[in-house]
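Participant: My file is target00.pdb. It has PDB, C-alpha atoms:
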```
MODEL        1
ATOM      1  CA  MET A  48      99.391 -76.845 -24.192  1.00  0.00           C
ATOM      2  CA  ILE A  49      95.657 -77.544 -24.574  1.00  0.00           C
ATOM      3  CA  LYS A  50      93.441 -75.477 -26.865  1.00  0.00           C
ATOM      4  CA  LEU A  51      89.718 -75.490 -26.115  1.00  0.00           C
ATOM      5  CA  THR A  52      86.800 -73.952 -27.986  1.00  0.00           C
ATOM      6  CA  LEU A  53      83.873 -72.744 -25.893  1.00  0.00           C
ATOM      7  CA  PRO A  54      81.373 -74.087 -25.034  1.00  0.00           C
ATOM      8  CA  VAL A  55      82.974 -77.260 -23.649  1.00  0.00           C
ATOM      9  CA  SER A  56      81.425 -80.533 -22.564  1.00  0.00           C
ATOM     10  CA  GLU A  57      81.804 -82.133 -19.166  1.00  0.00           C
ATOM     11  CA  ASP A  58      83.789 -84.971 -20.792  1.00  0.00           C
ATOM     12  CA  VAL A  59      86.379 -82.504 -22.115  1.00  0.00           C
ATOM     13  CA  VAL A  60      86.647 -80.684 -18.782  1.00  0.00           C
ATOM     14  CA  ARG A  61      87.076 -83.915 -16.820  1.00  0.00           C
ATOM     15  CA  LYS A  62      90.208 -84.719 -18.865  1.00  0.00           C
ATOM     16  CA  LEU A  63      92.000 -81.569 -17.657  1.00  0.00           C
ATOM     17  CA  LYS A  64      94.438 -81.984 -14.765  1.00  0.00           C
ATOM     18  CA  THR A  65      95.994 -79.476 -12.385  1.00  0.00           C
ATOM     19  CA  GLY A  66      99.039 -77.867 -13.922  1.00  0.00           C
ATOM     20  CA  ASP A  67      97.757 -78.147 -17.505  1.00  0.00           C
ATOM     21  CA  GLU A  68      98.287 -75.045 -19.669  1.00  0.00           C
ATOM     22  CA  VAL A  69      95.088 -74.056 -21.470  1.00  0.00           C
ATOM     23  CA  TYR A  70      94.145 -71.515 -24.142  1.00  0.00           C
ATOM     24  CA  LEU A  71      90.526 -70.662 -24.967  1.00  0.00           C
ATOM     25  CA  ASP A  72      88.672 -69.624 -28.109  1.00  0.00           C
ATOM     26  CA  GLY A  73      85.030 -68.583 -28.092  1.00  0.00           C
ATOM     27  CA  ASP A  74      82.574 -66.637 -25.973  1.00  0.00           C
ATOM     28  CA  LEU A  75      82.953 -65.961 -22.266  1.00  0.00           C
ATOM     29  CA  VAL A  76      81.504 -63.543 -19.759  1.00  0.00           C
ATOM     30  CA  THR A  77      83.022 -61.540 -16.930  1.00  0.00           C
ATOM     31  CA  GLY A  78      81.538 -61.598 -13.477  1.00  0.00           C
ATOM     32  CA  ARG A  79      82.641 -60.805  -9.960  1.00  0.00           C
ATOM     33  CA  ASP A  80      80.970 -60.505  -6.549  1.00  0.00           C
ATOM     34  CA  ARG A  81      77.773 -58.746  -7.617  1.00  0.00           C
ATOM     35  CA  VAL A  82      77.141 -61.078 -10.557  1.00  0.00           C
ATOM     36  CA  HIS A  83      77.493 -64.078  -8.244  1.00  0.00           C
ATOM     37  CA  GLU A  84      75.175 -62.469  -5.696  1.00  0.00           C
ATOM     38  CA  ARG A  85      72.574 -61.683  -8.347  1.00  0.00           C
ATOM     39  CA  VAL A  86      72.518 -65.288  -9.568  1.00  0.00           C
ATOM     40  CA  VAL A  87      72.816 -67.089  -6.219  1.00  0.00           C
ATOM     41  CA  LYS A  88      71.002 -64.794  -3.799  1.00  0.00           C
ATOM     42  CA  ASP A  89      68.545 -62.990  -6.086  1.00  0.00           C
ATOM     43  CA  LYS A  90      67.907 -66.026  -8.343  1.00  0.00           C
ATOM     44  CA  THR A  91      68.235 -63.741 -11.377  1.00  0.00           C
ATOM     45  CA  PHE A  92      69.951 -65.168 -14.426  1.00  0.00           C
ATOM     46  CA  PRO A  93      71.656 -63.477 -17.369  1.00  0.00           C
ATOM     47  CA  SER A  94      70.144 -63.487 -20.852  1.00  0.00           C
ATOM     48  CA  VAL A  95      72.837 -65.879 -22.101  1.00  0.00           C
ATOM     49  CA  SER A  96      73.176 -69.406 -20.812  1.00  0.00           C
ATOM     50  CA  LEU A  97      76.394 -70.122 -18.941  1.00  0.00           C
ATOM     51  CA  LYS A  98      75.918 -73.884 -19.262  1.00  0.00           C
ATOM     52  CA  ASP A  99      79.148 -75.441 -20.566  1.00  0.00           C
ATOM     53  CA  GLY A 100      80.615 -71.937 -20.762  1.00  0.00           C
ATOM     54  CA  ALA A 101      83.269 -69.861 -19.019  1.00  0.00           C
ATOM     55  CA  ILE A 102      83.205 -66.958 -16.586  1.00  0.00           C
ATOM     56  CA  PHE A 103      86.194 -64.699 -15.995  1.00  0.00           C
ATOM     57  CA  HIS A 104      86.464 -63.096 -12.545  1.00  0.00           C
ATOM     58  CA  ALA A 105      87.474 -59.703 -13.875  1.00  0.00           C
ATOM     59  CA  GLY A 106      86.415 -56.066 -13.845  1.00  0.00           C
ATOM     60  CA  PRO A 107      87.262 -54.844 -17.345  1.00  0.00           C
ATOM     61  CA  ILE A 108      87.907 -51.322 -18.536  1.00  0.00           C
ATOM     62  CA  VAL A 109      85.823 -50.904 -21.684  1.00  0.00           C
ATOM     63  CA  ALA A 110      85.589 -47.944 -24.081  1.00  0.00           C
ATOM     64  CA  GLY A 111      82.713 -47.239 -26.440  1.00  0.00           C
ATOM     65  CA  ASP A 112      79.052 -46.337 -26.409  1.00  0.00           C
ATOM     66  CA  GLY A 113      77.521 -49.485 -27.859  1.00  0.00           C
ATOM     67  CA  GLN A 114      76.487 -47.632 -31.015  1.00  0.00           C
ATOM     68  CA  THR A 115      79.834 -47.937 -32.760  1.00  0.00           C
ATOM     69  CA  GLY A 116      80.981 -50.908 -30.686  1.00  0.00           C
ATOM     70  CA  TYR A 117      83.118 -51.521 -27.648  1.00  0.00           C
ATOM     71  CA  THR A 118      86.834 -51.959 -27.124  1.00  0.00           C
ATOM     72  CA  THR A 119      88.201 -53.771 -24.097  1.00  0.00           C
ATOM     73  CA  LEU A 120      91.271 -51.827 -22.953  1.00  0.00           C
ATOM     74  CA  ALA A 121      92.187 -53.959 -19.931  1.00  0.00           C
ATOM     75  CA  VAL A 122      90.669 -57.029 -18.321  1.00  0.00           C
ATOM     76  CA  GLY A 123      92.765 -58.234 -15.414  1.00  0.00           C
ATOM     77  CA  PRO A 124      91.774 -61.130 -13.192  1.00  0.00           C
ATOM     78  CA  THR A 125      90.184 -60.538  -9.811  1.00  0.00           C
ATOM     79  CA  THR A 126      91.172 -62.565  -6.746  1.00  0.00           C
ATOM     80  CA  SER A 127      88.820 -65.519  -7.011  1.00  0.00           C
ATOM     81  CA  MET A 128      88.705 -66.166  -3.270  1.00  0.00           C
ATOM     82  CA  ARG A 129      86.338 -63.167  -3.076  1.00  0.00           C
ATOM     83  CA  MET A 130      83.656 -65.339  -4.707  1.00  0.00           C
ATOM     84  CA  GLU A 131      84.396 -68.476  -2.657  1.00  0.00           C
ATOM     85  CA  LYS A 132      81.283 -68.381  -0.457  1.00  0.00           C
ATOM     86  CA  LEU A 133      79.028 -68.278  -3.552  1.00  0.00           C
ATOM     87  CA  GLU A 134      80.997 -70.245  -6.150  1.00  0.00           C
ATOM     88  CA  ALA A 135      79.675 -73.747  -5.441  1.00  0.00           C
ATOM     89  CA  ASP A 136      76.071 -72.553  -5.685  1.00  0.00           C
ATOM     90  CA  PHE A 137      76.930 -70.527  -8.802  1.00  0.00           C
ATOM     91  CA  ILE A 138      78.414 -73.609 -10.514  1.00  0.00           C
ATOM     92  CA  ARG A 139      75.372 -75.700  -9.582  1.00  0.00           C
ATOM     93  CA  ALA A 140      72.868 -73.054 -10.675  1.00  0.00           C
ATOM     94  CA  THR A 141      74.470 -72.114 -13.999  1.00  0.00           C
ATOM     95  CA  GLY A 142      76.227 -75.257 -15.227  1.00  0.00           C
ATOM     96  CA  VAL A 143      79.345 -73.213 -15.974  1.00  0.00           C
ATOM     97  CA  ARG A 144      82.348 -75.441 -16.740  1.00  0.00           C
ATOM     98  CA  ILE A 145      85.291 -73.026 -16.568  1.00  0.00           C
ATOM     99  CA  ILE A 146      85.965 -70.403 -13.909  1.00  0.00           C
ATOM    100  CA  ILE A 147      88.924 -68.116 -14.572  1.00  0.00           C
ATOM    101  CA  GLY A 148      90.509 -65.906 -11.949  1.00  0.00           C
ATOM    102  CA  LYS A 149      93.553 -65.165  -9.855  1.00  0.00           C
ATOM    103  CA  GLY A 150      94.901 -67.008  -6.855  1.00  0.00           C
ATOM    104  CA  GLY A 151      93.689 -70.011  -4.948  1.00  0.00           C
ATOM    105  CA  ARG A 152      90.255 -71.344  -4.074  1.00  0.00           C
ATOM    106  CA  GLY A 153      88.834 -73.152  -1.081  1.00  0.00           C
ATOM    107  CA  ALA A 154      87.450 -76.595  -0.393  1.00  0.00           C
ATOM    108  CA  ALA A 155      83.864 -75.689  -1.349  1.00  0.00           C
ATOM    109  CA  THR A 156      84.853 -74.742  -4.902  1.00  0.00           C
ATOM    110  CA  ALA A 157      87.063 -77.828  -5.248  1.00  0.00           C
ATOM    111  CA  GLU A 158      84.167 -80.053  -4.151  1.00  0.00           C
ATOM    112  CA  ALA A 159      81.755 -78.336  -6.565  1.00  0.00           C
ATOM    113  CA  CYS A 160      84.224 -78.768  -9.430  1.00  0.00           C
ATOM    114  CA  LYS A 161      84.379 -82.478  -8.648  1.00  0.00           C
ATOM    115  CA  LYS A 162      80.626 -82.889  -8.241  1.00  0.00           C
ATOM    116  CA  TYR A 163      79.484 -80.878 -11.258  1.00  0.00           C
ATOM    117  CA  GLY A 164      82.427 -81.290 -13.662  1.00  0.00           C
ATOM    118  CA  ALA A 165      84.033 -77.853 -13.644  1.00  0.00           C
ATOM    119  CA  VAL A 166      87.563 -76.431 -13.371  1.00  0.00           C
ATOM    120  CA  HIS A 167      89.234 -73.310 -12.040  1.00  0.00           C
ATOM    121  CA  LEU A 168      91.896 -71.772 -14.269  1.00  0.00           C
ATOM    122  CA  MET A 169      94.361 -69.104 -13.170  1.00  0.00           C
ATOM    123  CA  PHE A 170      95.247 -66.101 -15.323  1.00  0.00           C
ATOM    124  CA  ALA A 171      98.367 -64.288 -14.131  1.00  0.00           C
ATOM    125  CA  GLY A 172      97.795 -61.099 -12.187  1.00  0.00           C
ATOM    126  CA  GLY A 173      99.216 -57.920 -13.713  1.00  0.00           C
ATOM    127  CA  ALA A 174      98.518 -59.062 -17.282  1.00  0.00           C
ATOM    128  CA  ALA A 175      95.315 -57.087 -17.916  1.00  0.00           C
ATOM    129  CA  VAL A 176      96.526 -55.586 -21.189  1.00  0.00           C
ATOM    130  CA  LEU A 177      97.666 -58.996 -22.461  1.00  0.00           C
ATOM    131  CA  ALA A 178      94.226 -60.412 -21.657  1.00  0.00           C
ATOM    132  CA  ALA A 179      92.538 -57.502 -23.445  1.00  0.00           C
ATOM    133  CA  SER A 180      94.679 -58.123 -26.540  1.00  0.00           C
ATOM    134  CA  GLU A 181      93.147 -61.612 -26.719  1.00  0.00           C
ATOM    135  CA  VAL A 182      89.585 -60.237 -26.725  1.00  0.00           C
ATOM    136  CA  VAL A 183      88.521 -60.031 -30.372  1.00  0.00           C
ATOM    137  CA  GLU A 184      85.043 -58.664 -29.712  1.00  0.00           C
ATOM    138  CA  THR A 185      83.150 -57.125 -26.802  1.00  0.00           C
ATOM    139  CA  SER A 186      79.493 -57.203 -27.753  1.00  0.00           C
ATOM    140  CA  GLY A 187      78.061 -55.479 -24.703  1.00  0.00           C
ATOM    141  CA  ALA A 188      77.063 -55.947 -21.116  1.00  0.00           C
ATOM    142  CA  GLU A 189      74.093 -56.727 -18.974  1.00  0.00           C
ATOM    143  CA  TRP A 190      73.383 -55.629 -15.433  1.00  0.00           C
ATOM    144  CA  THR A 191      75.080 -52.305 -16.161  1.00  0.00           C
ATOM    145  CA  ASP A 192      73.347 -50.918 -13.079  1.00  0.00           C
ATOM    146  CA  LEU A 193      76.191 -52.608 -11.158  1.00  0.00           C
ATOM    147  CA  GLY A 194      78.791 -50.341 -12.820  1.00  0.00           C
ATOM    148  CA  MET A 195      81.444 -51.117 -15.415  1.00  0.00           C
ATOM    149  CA  PRO A 196      83.693 -53.456 -13.389  1.00  0.00           C
ATOM    150  CA  GLU A 197      80.800 -55.395 -11.822  1.00  0.00           C
ATOM    151  CA  ALA A 198      78.559 -55.736 -14.891  1.00  0.00           C
ATOM    152  CA  MET A 199      78.563 -58.966 -16.880  1.00  0.00           C
ATOM    153  CA  TRP A 200      80.450 -58.273 -20.112  1.00  0.00           C
ATOM    154  CA  HIS A 201      80.093 -60.542 -23.130  1.00  0.00           C
ATOM    155  CA  MET A 202      83.388 -61.159 -24.925  1.00  0.00           C
ATOM    156  CA  ARG A 203      84.737 -63.325 -27.710  1.00  0.00           C
ATOM    157  CA  VAL A 204      88.342 -64.397 -27.169  1.00  0.00           C
ATOM    158  CA  ARG A 205      91.049 -66.038 -29.249  1.00  0.00           C
ATOM    159  CA  ASN A 206      94.117 -67.793 -27.797  1.00  0.00           C
ATOM    160  CA  PHE A 207      93.038 -66.565 -24.374  1.00  0.00           C
ATOM    161  CA  GLY A 208      95.775 -67.529 -21.978  1.00  0.00           C
ATOM    162  CA  PRO A 209      98.037 -68.886 -20.824  1.00  0.00           C
ATOM    163  CA  LEU A 210      95.682 -70.304 -18.206  1.00  0.00           C
ATOM    164  CA  ILE A 211      96.799 -72.880 -15.636  1.00  0.00           C
ATOM    165  CA  VAL A 212      94.396 -75.452 -14.223  1.00  0.00           C
ATOM    166  CA  THR A 213      94.493 -74.941 -10.449  1.00  0.00           C
ATOM    167  CA  ILE A 214      91.443 -77.056  -9.549  1.00  0.00           C
ATOM    168  CA  ASP A 215      90.473 -79.961 -11.765  1.00  0.00           C
ATOM    169  CA  ALA A 216      87.234 -81.928 -11.990  1.00  0.00           C
ATOM    170  CA  ASP A 217      88.677 -84.563  -9.633  1.00  0.00           C
ATOM    171  CA  GLY A 218      88.745 -81.841  -6.963  1.00  0.00           C
ATOM    172  CA  ASP A 219      92.561 -81.672  -6.919  1.00  0.00           C
ATOM    173  CA  ASN A 220      93.410 -78.193  -5.614  1.00  0.00           C
ATOM    174  CA  MET A 221      96.930 -77.223  -6.691  1.00  0.00           C
ATOM    175  CA  PHE A 222      97.155 -74.200  -4.377  1.00  0.00           C
ATOM    176  CA  GLU A 223      96.133 -76.178  -1.287  1.00  0.00           C
ATOM    177  CA  ARG A 224      98.430 -79.069  -2.223  1.00  0.00           C
ATOM    178  CA  ASN A 225     101.343 -76.673  -2.749  1.00  0.00           C
ATOM    179  CA  LYS A 226     100.672 -74.862   0.542  1.00  0.00           C
ATOM    180  CA  LYS A 227     101.070 -78.160   2.413  1.00  0.00           C
ATOM    181  CA  ARG A 228     104.165 -79.109   0.445  1.00  0.00           C
ATOM    182  CA  PHE A 229     105.839 -75.723   0.986  1.00  0.00           C
ATOM    183  CA  ALA A 230     105.017 -75.818   4.707  1.00  0.00           C
ATOM    184  CA  GLU A 231     106.675 -79.238   4.972  1.00  0.00           C
ATOM    185  CA  LEU A 232     109.751 -77.982   3.094  1.00  0.00           C
ATOM    186  CA  LYS A 233     109.927 -74.904   5.309  1.00  0.00           C
ATOM    187  CA  ASP A 234     109.634 -76.980   8.487  1.00  0.00           C
ATOM    188  CA  ALA A 235     112.355 -79.359   7.267  1.00  0.00           C
ATOM    189  CA  ALA A 236     114.657 -76.443   6.401  1.00  0.00           C
ATOM    190  CA  LEU A 237     114.076 -74.770   9.783  1.00  0.00           C
ATOM    191  CA  ASN A 238     114.634 -78.013  11.661  1.00  0.00           C
ATOM    192  CA  LYS A 239     117.884 -78.578   9.787  1.00  0.00           C
ATOM    193  CA  TYR A 240     119.048 -74.985  10.307  1.00  0.00           C
ATOM    194  CA  PHE A 241     118.334 -74.937  14.047  1.00  0.00           C
ATOM    195  CA  SER A 242     119.726 -78.416  14.692  1.00  0.00           C
ATOM    196  CA  GLU A 243     123.166 -77.512  13.332  1.00  0.00           C
TER     197      GLU A 243
ENDMDL
END
```
Can you give me the file's structure in the form of structure tokens?
Facilitator:
Amino acid sequence: MIKLTLPVSEDVVRKLKTGDEVYLDGDLVTGRDRVHERVVKDKTFPSVSLKDGAIFHAGPIVAGDGQTGYTTLAVGPTTSMRMEKLEADFIRATGVRIIIGKGGRGAATAEACKKYGAVHLMFAGGAAVLAASEVVETSGAEWTDLGMPEAMWHMRVRNFGPLIVTIDADGDNMFERNKKRFAELKDAALNKYFSE
């Protein structure tokens, strides 16, 4: 188990390896398709720097009016492959070190992680209430014109995880590696079955 406090340096991130279990403390933001489009396509940046920070691909459910504060009720991970076509440019443009989401990523994200010193961490799907319980403060959102799930929410987290490194800063892509391995195992099992 590896505990990290945000923001994190490139040196720290480059020590993480696929399969590592990570927990985070500190500030992170949420952001999905529209946030990525706003940064990459519109060249519009949020008020907070994402350099050395973390972004969570999630569309939270948040209660509150901002006057008396906000409470994050659920914040489940979004399938990260939705952001694949923009992720490499997003990493380059923002300097973000940690991307958190659900499921696998493609070659472009793996290459960007290697080139710029970033990692992709997986949060288990279906655990939105667990994730929300690890949010100690939700200070607000920007780009609220995008709607609650697509806005960029600012959150402080404690013991946020468990997160599994699925792409490390060497470009090792655990999902792609496992797909090949499982295909080989399947082929071997089928060959054995049909040869008997």
Participant: What do you get, as a PyMOL selection string, if you spell out every residue that the PyMOL selection byres ((chain A and resi 201-217) around 6) selects here?
Facilitator: chain A and resi 61+64-76+160-161+164-170+181-188+200+218-221
Participant: Expand the PyMOL selection byres ((chain A and resi 130-138) around 6) into the explicit residue set it covers here, and present it as a PDB file with C-alpha atoms, keeping the file's coordinate frame.
Facilitator:
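And here is the file that came out, result.pdb:
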```
ATOM      1  CA  ASP A  80      80.970 -60.505  -6.549  1.00  0.00           C
ATOM      2  CA  VAL A  87      72.816 -67.089  -6.219  1.00  0.00           C
ATOM      3  CA  SER A 127      88.820 -65.519  -7.011  1.00  0.00           C
ATOM      4  CA  MET A 128      88.705 -66.166  -3.270  1.00  0.00           C
ATOM      5  CA  ARG A 129      86.338 -63.167  -3.076  1.00  0.00           C
ATOM      6  CA  ARG A 139      75.372 -75.700  -9.582  1.00  0.00           C
ATOM      7  CA  ALA A 140      72.868 -73.054 -10.675  1.00  0.00           C
ATOM      8  CA  THR A 141      74.470 -72.114 -13.999  1.00  0.00           C
ATOM      9  CA  GLY A 142      76.227 -75.257 -15.227  1.00  0.00           C
ATOM     10  CA  VAL A 143      79.345 -73.213 -15.974  1.00  0.00           C
ATOM     11  CA  THR A 156      84.853 -74.742  -4.902  1.00  0.00           C
ATOM     12  CA  ALA A 159      81.755 -78.336  -6.565  1.00  0.00           C
TER      13      ALA A 159
END
```
Participant: Using only C-alpha atoms, which residues sit within 7 Å of stretch 101-108 of chain A once same-chain residues fewer than 4 positions away are excluded, as a JSON list (two decimals) with C-alpha atoms, in the frame of the given file?
Facilitator:
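Okay, this is what ended up in selection08.json:
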```json
[["chain", "number", "residue", "atom", "x", "y", "z"],
["A", 75, "LEU", "CA", 82.95, -65.96, -22.27],
["A", 76, "VAL", "CA", 81.50, -63.54, -19.76],
["A", 77, "THR", "CA", 83.02, -61.54, -16.93],
["A", 78, "GLY", "CA", 81.54, -61.60, -13.48],
["A", 79, "ARG", "CA", 82.64, -60.80, -9.96],
["A", 97, "LEU", "CA", 76.39, -70.12, -18.94],
["A", 119, "THR", "CA", 88.20, -53.77, -24.10],
["A", 120, "LEU", "CA", 91.27, -51.83, -22.95],
["A", 121, "ALA", "CA", 92.19, -53.96, -19.93],
["A", 122, "VAL", "CA", 90.67, -57.03, -18.32],
["A", 123, "GLY", "CA", 92.76, -58.23, -15.41],
["A", 124, "PRO", "CA", 91.77, -61.13, -13.19],
["A", 125, "THR", "CA", 90.18, -60.54, -9.81],
["A", 127, "SER", "CA", 88.82, -65.52, -7.01],
["A", 143, "VAL", "CA", 79.34, -73.21, -15.97],
["A", 144, "ARG", "CA", 82.35, -75.44, -16.74],
["A", 145, "ILE", "CA", 85.29, -73.03, -16.57],
["A", 146, "ILE", "CA", 85.96, -70.40, -13.91],
["A", 147, "ILE", "CA", 88.92, -68.12, -14.57],
["A", 148, "GLY", "CA", 90.51, -65.91, -11.95],
["A", 196, "PRO", "CA", 83.69, -53.46, -13.39],
["A", 197, "GLU", "CA", 80.80, -55.40, -11.82]]
```
Participant: Which distance in Å separates atom CA of A:Ile49 and atom CA of A:Arg228, to one decimal?
Facilitator: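 Computing the Euclidean distance for atom CA of A:Ile49 and atom CA of A:Arg228 yields 26.5 Å.
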Participant: Closest to A:Gly151 among A:Arg224, A:Lys50, A:Gly194, A:Tyr240, using all atoms listed in the file?
Facilitator: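 Of all the options, A:Arg224 lies closest to A:Gly151.
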Participant: Return the padded bounding box of stretch 170-179 of chain A as JSON: axis-aligned, built from all atoms listed in the file, 4 Å added on each side, with centre and edge lengths in Å to one decimal.
Facilitator:
```
{"center_x": 95.9, "center_y": -60.8, "center_z": -17.8, "size_x": 14.7, "size_y": 18.5, "size_z": 19.3}
```
Participant: What does the distance between atom CA of A:Lys162 and atom CA of A:Leu53 come to in Å, to one decimal place?
Facilitator: 20.6 Å
Participant: Quick one, how far is atom CA of A:Gly100 from atom CA of A:Val59?
Facilitator: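 Interatomic distance here is 12.1 Å.
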